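Asks: Below is a structure I'd like to ask you about.
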Amino acid sequence: MKKSHYIKLLNTAVYHTFYDNTKCNCLHFIPTDKTDKILKKFGFMINTVSNGFDLFANPTSTLSDTLDYISKTASQDFFEFNIKCSNPSFLLFTDLPVNFLGLVNYSSQKTQNEENTSTLVLNQSLETAPIARYFGNLKIYFEDLKNVSNNPILYKISFEARATQWQYYFINKNSLPLNNPVVTQKGSIQFKGPEQVTLQTGEKALLFTSDTTNIPLSEKPKYKFDLINKSESSGTDQVNSKGKVIIKGLPIPDVSRINIISNKEQNQVTSPMYIYL
């Protein structure tokens, strides 16, 4: 009986600073029809992992000869995968251009990729498309795999969480005494406010914002903010202010709700939060 001798060609892994463990499990790699036929015909095997996939080969000759033969007979010198996203809020909490419509593409031969030993950090290319069936596309060229022996290549895709201006709107329905309210935190981030505003509903609210400090969105809370009512004014030092705690542990933004404030320099992305007292 002929024994199978699989060798690992590559790992593809996606990371995102939004997630607590940085592993992004909502992007899925689907071989195109032509690539799927190549994989099946020549005995390749895909092992799906939580944040990507591994690709194994079972060559009948040297790996280089096998890939050269595929390139000649299939008229394709790369493996191609469509990338499907299963999180509808991904574009909102990811640091991509605001209101981007199109494809996020990757290629193992893009010159802007960053190589580090056996890891290749893939640089994205944004392709504008009004209607896109998939989130993006990945091409891994045979030429980059020919010298793989005992060290499979790690193709790494990384995303940064979008940073937004956090906005807390406090609607004081129960007329709580708020003589000197502040949003405070044990750290370096200070909130500007309060500002008296009127919401679209006609309700009055006190608005606090992180002003020019944009705070990264996250899956789990990384920052702890409280609403307190200071007994006496102590200037603008909100971080070390003491007083009666009105709300301990304010909510973090709902990533599916962001607003965009247009200005001449660049669009300001905000995360509004409405809290009834």
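In the structure tokens, chains take the letters A, B, ... in the order shown, each chain's residues start at 1, and ligands count up from 1 in the order shown.
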I'd like the neighbourhood of Lys40 (chain A) as a PyMOL selection string, where a residue qualifies if any of its atoms comes within 12 Å (using only C-alpha atoms), though same-chain residues fewer than 4 positions away should be ignored.

Replies: chain A and resi 31+33-36+44-46+56-58

Asks: For the selection you just gave me, I'd like the residues written to a file as a short mmCIF file (atom, residue, chain, number, x, y, z; two decimals), in the first residue's frame, keeping N, CA and C atoms.

Replies:
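Saved file again-v6.cif follows:
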```cif
data_model
loop_
_atom_site.label_atom_id
_atom_site.label_comp_id
_atom_site.auth_asym_id
_atom_site.auth_seq_id
_atom_site.Cartn_x
_atom_site.Cartn_y
_atom_site.Cartn_z
N PRO A 31 -11.44 28.30 -1.21
CA PRO A 31 -10.74 28.16 -2.50
C PRO A 31 -11.65 28.52 -3.67
N ASP A 33 -12.99 28.12 -7.53
CA ASP A 33 -13.31 26.86 -8.22
C ASP A 33 -12.06 26.23 -8.83
N LYS A 34 -11.24 27.04 -9.47
CA LYS A 34 -10.05 26.51 -10.14
C LYS A 34 -9.04 25.99 -9.12
N THR A 35 -8.86 26.74 -8.05
CA THR A 35 -7.94 26.29 -7.00
C THR A 35 -8.46 25.04 -6.32
N ASP A 36 -9.76 24.96 -6.12
CA ASP A 36 -10.35 23.78 -5.49
C ASP A 36 -10.09 22.53 -6.33
N PHE A 44 -3.70 17.88 -2.34
CA PHE A 44 -3.46 18.84 -1.25
C PHE A 44 -4.57 18.73 -0.21
N MET A 45 -4.26 19.12 1.00
CA MET A 45 -5.25 19.03 2.08
C MET A 45 -5.25 20.34 2.88
N ILE A 46 -6.45 20.84 3.13
CA ILE A 46 -6.62 22.05 3.94
C ILE A 46 -7.10 21.67 5.33
N PHE A 56 -1.47 21.48 3.37
CA PHE A 56 -0.55 20.36 3.30
C PHE A 56 -0.47 19.85 1.88
N ALA A 57 0.71 19.33 1.51
CA ALA A 57 0.91 18.74 0.19
C ALA A 57 1.37 17.30 0.34
N ASN A 58 1.01 16.49 -0.66
CA ASN A 58 1.44 15.09 -0.71
C ASN A 58 2.06 14.84 -2.09
#
```

Asks: Residues near Ser125 (chain A), anyone? I mean within 10 Å using only C-alpha atoms, not counting same-chain ones fewer than 3 positions away, as a list in words.

Replies: Leu103, Val104, Asn105, Tyr106, Ser107, Lys110, Gln112, Leu122, Thr128, Gly136 and Asn137 of chain A

Asks: Would you kindly return, as a PDB file with N, CA and C atoms, in the first residue's frame, each protein, DNA or RNA residue with an atom no farther than 7 Å from any atom of region 241-252 of chain A, considering only C-alpha atoms and excluding same-chain residues fewer than 6 positions away?

Replies:
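Listing of selection-v7.pdb after writing:
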```pdb
ATOM      1  N   PRO A 221     -14.099  45.187  27.691  1.00  0.00           N
ATOM      2  CA  PRO A 221     -13.654  46.483  28.226  1.00  0.00           C
ATOM      3  C   PRO A 221     -12.164  46.496  28.572  1.00  0.00           C
ATOM      4  N   LYS A 224     -11.726  51.712  32.126  1.00  0.00           N
ATOM      5  CA  LYS A 224     -12.784  51.830  33.134  1.00  0.00           C
ATOM      6  C   LYS A 224     -13.059  53.314  33.388  1.00  0.00           C
ATOM      7  N   PHE A 225     -14.272  53.720  33.049  1.00  0.00           N
ATOM      8  CA  PHE A 225     -14.701  55.098  33.268  1.00  0.00           C
ATOM      9  C   PHE A 225     -15.876  55.107  34.241  1.00  0.00           C
ATOM     10  N   ASP A 226     -15.923  56.119  35.079  1.00  0.00           N
ATOM     11  CA  ASP A 226     -17.031  56.280  36.024  1.00  0.00           C
ATOM     12  C   ASP A 226     -17.635  57.666  35.846  1.00  0.00           C
ATOM     13  N   LEU A 227     -18.909  57.787  36.202  1.00  0.00           N
ATOM     14  CA  LEU A 227     -19.554  59.098  36.305  1.00  0.00           C
ATOM     15  C   LEU A 227     -19.641  59.428  37.780  1.00  0.00           C
ATOM     16  N   ILE A 228     -19.039  60.547  38.159  1.00  0.00           N
ATOM     17  CA  ILE A 228     -19.107  60.966  39.555  1.00  0.00           C
ATOM     18  C   ILE A 228     -19.619  62.399  39.624  1.00  0.00           C
ATOM     19  N   ASN A 229     -20.101  62.745  40.801  1.00  0.00           N
ATOM     20  CA  ASN A 229     -20.532  64.113  41.066  1.00  0.00           C
ATOM     21  C   ASN A 229     -19.583  64.680  42.115  1.00  0.00           C
ATOM     22  N   LYS A 230     -18.705  65.587  41.675  1.00  0.00           N
ATOM     23  CA  LYS A 230     -17.723  66.145  42.596  1.00  0.00           C
ATOM     24  C   LYS A 230     -18.413  67.057  43.617  1.00  0.00           C
ATOM     25  N   SER A 231     -17.975  66.964  44.862  1.00  0.00           N
ATOM     26  CA  SER A 231     -18.560  67.803  45.908  1.00  0.00           C
ATOM     27  C   SER A 231     -18.097  69.243  45.766  1.00  0.00           C
TER      28      SER A 231
END
```

Asks: Pick out the closest residue to Gln190 (chain A) from this set: A:Val121, A:Val49, A:Ile153, A:Ile215. Count only C-alpha atoms.

Replies: A:Ile215

Asks: Smallest atom-to-atom distance to Phe78 (chain A): which of A:Gln200, A:Gln109, A:Gln124, A:Asn151, using only C-alpha atoms?

Replies: A:Gln109

Asks: With a distance cut-off of 12 Å and only C-alpha atoms, select the neighbouring residues of Thr62 (chain A), excluding the residue or stretch itself and same-chain residues fewer than 2 positions from it, and output the selection as an MDAnalysis selection string.

Replies: chainID A and resid 5 7 57:60 64:69 145:149

Asks: Could you save those same residues with N, CA and C atoms as a compact mmCIF listing (two decimals), in the first residue's frame?

Replies:
```txt
# COMPACT_ATOMS: atom_id res chain seq x y z
N HIS A 5 2.55 10.88 2.48
CA HIS A 5 3.57 11.63 3.20
C HIS A 5 3.28 13.12 3.01
N ILE A 7 3.36 17.02 3.77
CA ILE A 7 4.23 18.05 4.34
C ILE A 7 3.42 19.35 4.42
N ALA A 57 0.71 19.33 1.51
CA ALA A 57 0.91 18.74 0.19
C ALA A 57 1.37 17.30 0.34
N ASN A 58 1.01 16.49 -0.66
CA ASN A 58 1.44 15.09 -0.71
C ASN A 58 2.06 14.84 -2.09
N PRO A 59 3.23 15.44 -2.34
CA PRO A 59 3.81 15.38 -3.69
C PRO A 59 4.31 14.00 -4.04
N THR A 60 4.13 13.62 -5.31
CA THR A 60 4.63 12.33 -5.81
C THR A 60 6.07 12.46 -6.28
N SER A 64 8.93 21.21 -5.83
CA SER A 64 9.17 22.17 -6.91
C SER A 64 8.69 21.63 -8.24
N ASP A 65 8.97 20.36 -8.53
CA ASP A 65 8.51 19.76 -9.79
C ASP A 65 6.99 19.68 -9.84
N THR A 66 6.39 19.34 -8.70
CA THR A 66 4.92 19.24 -8.65
C THR A 66 4.27 20.59 -8.94
N LEU A 67 4.78 21.65 -8.32
CA LEU A 67 4.22 22.97 -8.54
C LEU A 67 4.45 23.46 -9.96
N ASP A 68 5.63 23.15 -10.52
CA ASP A 68 5.89 23.51 -11.92
C ASP A 68 4.93 22.80 -12.86
N TYR A 69 4.66 21.53 -12.57
CA TYR A 69 3.74 20.75 -13.42
C TYR A 69 2.32 21.32 -13.34
N LEU A 145 6.60 28.93 -2.55
CA LEU A 145 6.46 27.70 -1.78
C LEU A 145 7.48 26.63 -2.16
N LYS A 146 8.23 26.86 -3.21
CA LYS A 146 9.10 25.80 -3.75
C LYS A 146 10.22 25.39 -2.81
N ASN A 147 10.65 26.29 -1.96
CA ASN A 147 11.78 25.98 -1.08
C ASN A 147 11.35 25.57 0.33
N VAL A 148 10.05 25.31 0.50
CA VAL A 148 9.56 24.90 1.81
C VAL A 148 10.06 23.49 2.10
N SER A 149 10.65 23.30 3.27
CA SER A 149 11.10 21.96 3.67
C SER A 149 10.47 21.62 5.02
```

Asks: Can you pull out every residue within 7 Å of Leu206 (chain A), counting only C-alpha atoms, but drop anything in the same chain fewer than 4 positions away, and send it as a short mmCIF file (atom, residue, chain, number, x, y, z; two decimals) with all heavy atoms, in the first residue's frame?

Replies:
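Generated output (out01.cif):
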```cif
data_model
loop_
_atom_site.label_atom_id
_atom_site.label_comp_id
_atom_site.auth_asym_id
_atom_site.auth_seq_id
_atom_site.Cartn_x
_atom_site.Cartn_y
_atom_site.Cartn_z
N TYR A 169 -23.75 60.43 26.46
CA TYR A 169 -24.91 61.31 26.61
C TYR A 169 -25.69 60.85 27.84
O TYR A 169 -26.22 59.73 27.87
CB TYR A 169 -25.82 61.25 25.38
CG TYR A 169 -25.24 61.84 24.13
CD1 TYR A 169 -24.47 61.08 23.27
CD2 TYR A 169 -25.49 63.17 23.77
CE1 TYR A 169 -23.94 61.62 22.09
CE2 TYR A 169 -24.97 63.72 22.60
CZ TYR A 169 -24.20 62.93 21.77
OH TYR A 169 -23.69 63.47 20.61
N PHE A 170 -25.77 61.69 28.84
CA PHE A 170 -26.50 61.36 30.06
C PHE A 170 -27.84 62.10 30.05
O PHE A 170 -27.87 63.34 30.02
CB PHE A 170 -25.69 61.74 31.30
CG PHE A 170 -24.41 60.95 31.43
CD1 PHE A 170 -23.20 61.51 31.05
CD2 PHE A 170 -24.43 59.65 31.92
CE1 PHE A 170 -22.02 60.79 31.17
CE2 PHE A 170 -23.26 58.93 32.03
CZ PHE A 170 -22.05 59.49 31.65
N ILE A 171 -28.92 61.33 30.07
CA ILE A 171 -30.27 61.91 30.08
C ILE A 171 -30.81 61.74 31.51
O ILE A 171 -31.07 60.61 31.96
CB ILE A 171 -31.20 61.21 29.06
CG1 ILE A 171 -30.62 61.36 27.64
CG2 ILE A 171 -32.59 61.80 29.12
CD1 ILE A 171 -29.80 60.18 27.17
N PRO A 194 -19.15 68.78 31.19
CA PRO A 194 -20.32 68.47 30.36
C PRO A 194 -20.77 69.64 29.49
O PRO A 194 -20.54 70.79 29.80
CB PRO A 194 -21.39 68.16 31.40
CG PRO A 194 -21.02 69.03 32.57
CD PRO A 194 -19.53 69.10 32.58
N GLU A 195 -21.43 69.26 28.40
CA GLU A 195 -22.05 70.24 27.50
C GLU A 195 -23.54 69.94 27.43
O GLU A 195 -23.95 68.79 27.23
CB GLU A 195 -21.42 70.14 26.11
CG GLU A 195 -22.04 71.09 25.09
CD GLU A 195 -21.51 70.85 23.69
OE1 GLU A 195 -20.56 70.06 23.52
OE2 GLU A 195 -22.08 71.46 22.74
N GLN A 196 -24.33 70.98 27.61
CA GLN A 196 -25.78 70.81 27.51
C GLN A 196 -26.17 70.70 26.03
O GLN A 196 -25.85 71.59 25.24
CB GLN A 196 -26.50 72.01 28.14
CG GLN A 196 -26.36 72.10 29.65
CD GLN A 196 -27.42 71.26 30.36
OE1 GLN A 196 -28.26 70.61 29.74
NE2 GLN A 196 -27.40 71.30 31.69
N VAL A 197 -26.82 69.59 25.66
CA VAL A 197 -27.23 69.38 24.27
C VAL A 197 -28.68 68.92 24.24
O VAL A 197 -29.23 68.45 25.24
CB VAL A 197 -26.34 68.34 23.56
CG1 VAL A 197 -24.89 68.83 23.47
CG2 VAL A 197 -26.42 66.99 24.25
#
```

Asks: Between A:Leu199, A:Leu138, A:Cys24, A:Leu63, which has the minimum distance to Glu219 (chain A) (counting only C-alpha atoms)?

Replies: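 Smallest distance to Glu219 (chain A) is found for A:Cys24.
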
Asks: Between A:Gln266, A:Ser71, A:Ser118, A:Asn51, single out the one closest to Val98 (chain A), counting only C-alpha atoms.

Replies: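 Of A:Gln266, A:Ser71, A:Ser118, A:Asn51, the one nearest Val98 (chain A) is A:Gln266, counting only C-alpha atoms.
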
Asks: Quick check for you: according to DSSP on this backbone, which residues of region 6-248 of chain A are classed as alpha helix (DSSP H)? Reply as a PyMOL selection string.

Replies: chain A and resi 33-41+63-74+90-93

Asks: Find the residues around Tyr168 (chain A) up to 8 Å (only C-alpha atoms counted), leave out those fewer than 3 positions away in its own chain, and share them as number ranges by chain.

Replies: A: 206-209, 272-275

Asks: Using DSSP secondary structure from the backbone, list all strand (DSSP E) positions within region 14-188 of chain A, as a PyMOL selection string.

Replies: chain A and resi 14-16+27-31+45-49+52-57+78-85+102-107+114-116+119-121+125-128+136-141+153-159+163-171+181-184

Asks: Neighbouring residues of Asn267 (chain A) were defined as those with any atom within 12 Å, considering only C-alpha atoms; residues of the same chain fewer than 2 positions away were excluded. Please report them as a PyMOL selection string.

Replies: chain A and resi 97-99+164-165+259-265+269-270

Asks: Report, in Å to a single decimal, how far apart CA of Gly187 (chain A) and CA of Lys222 (chain A) are.

Replies: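 That distance, rounded to one decimal, is 11.5 Å.
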
Asks: Between A:Leu277, A:Leu10, A:Val182, A:Ile38, which has the minimum distance to Thr73 (chain A) (counting only C-alpha atoms)?

Replies: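 Going through A:Leu277, A:Leu10, A:Val182, A:Ile38 one by one, the smallest distance to Thr73 (chain A) is for A:Ile38.
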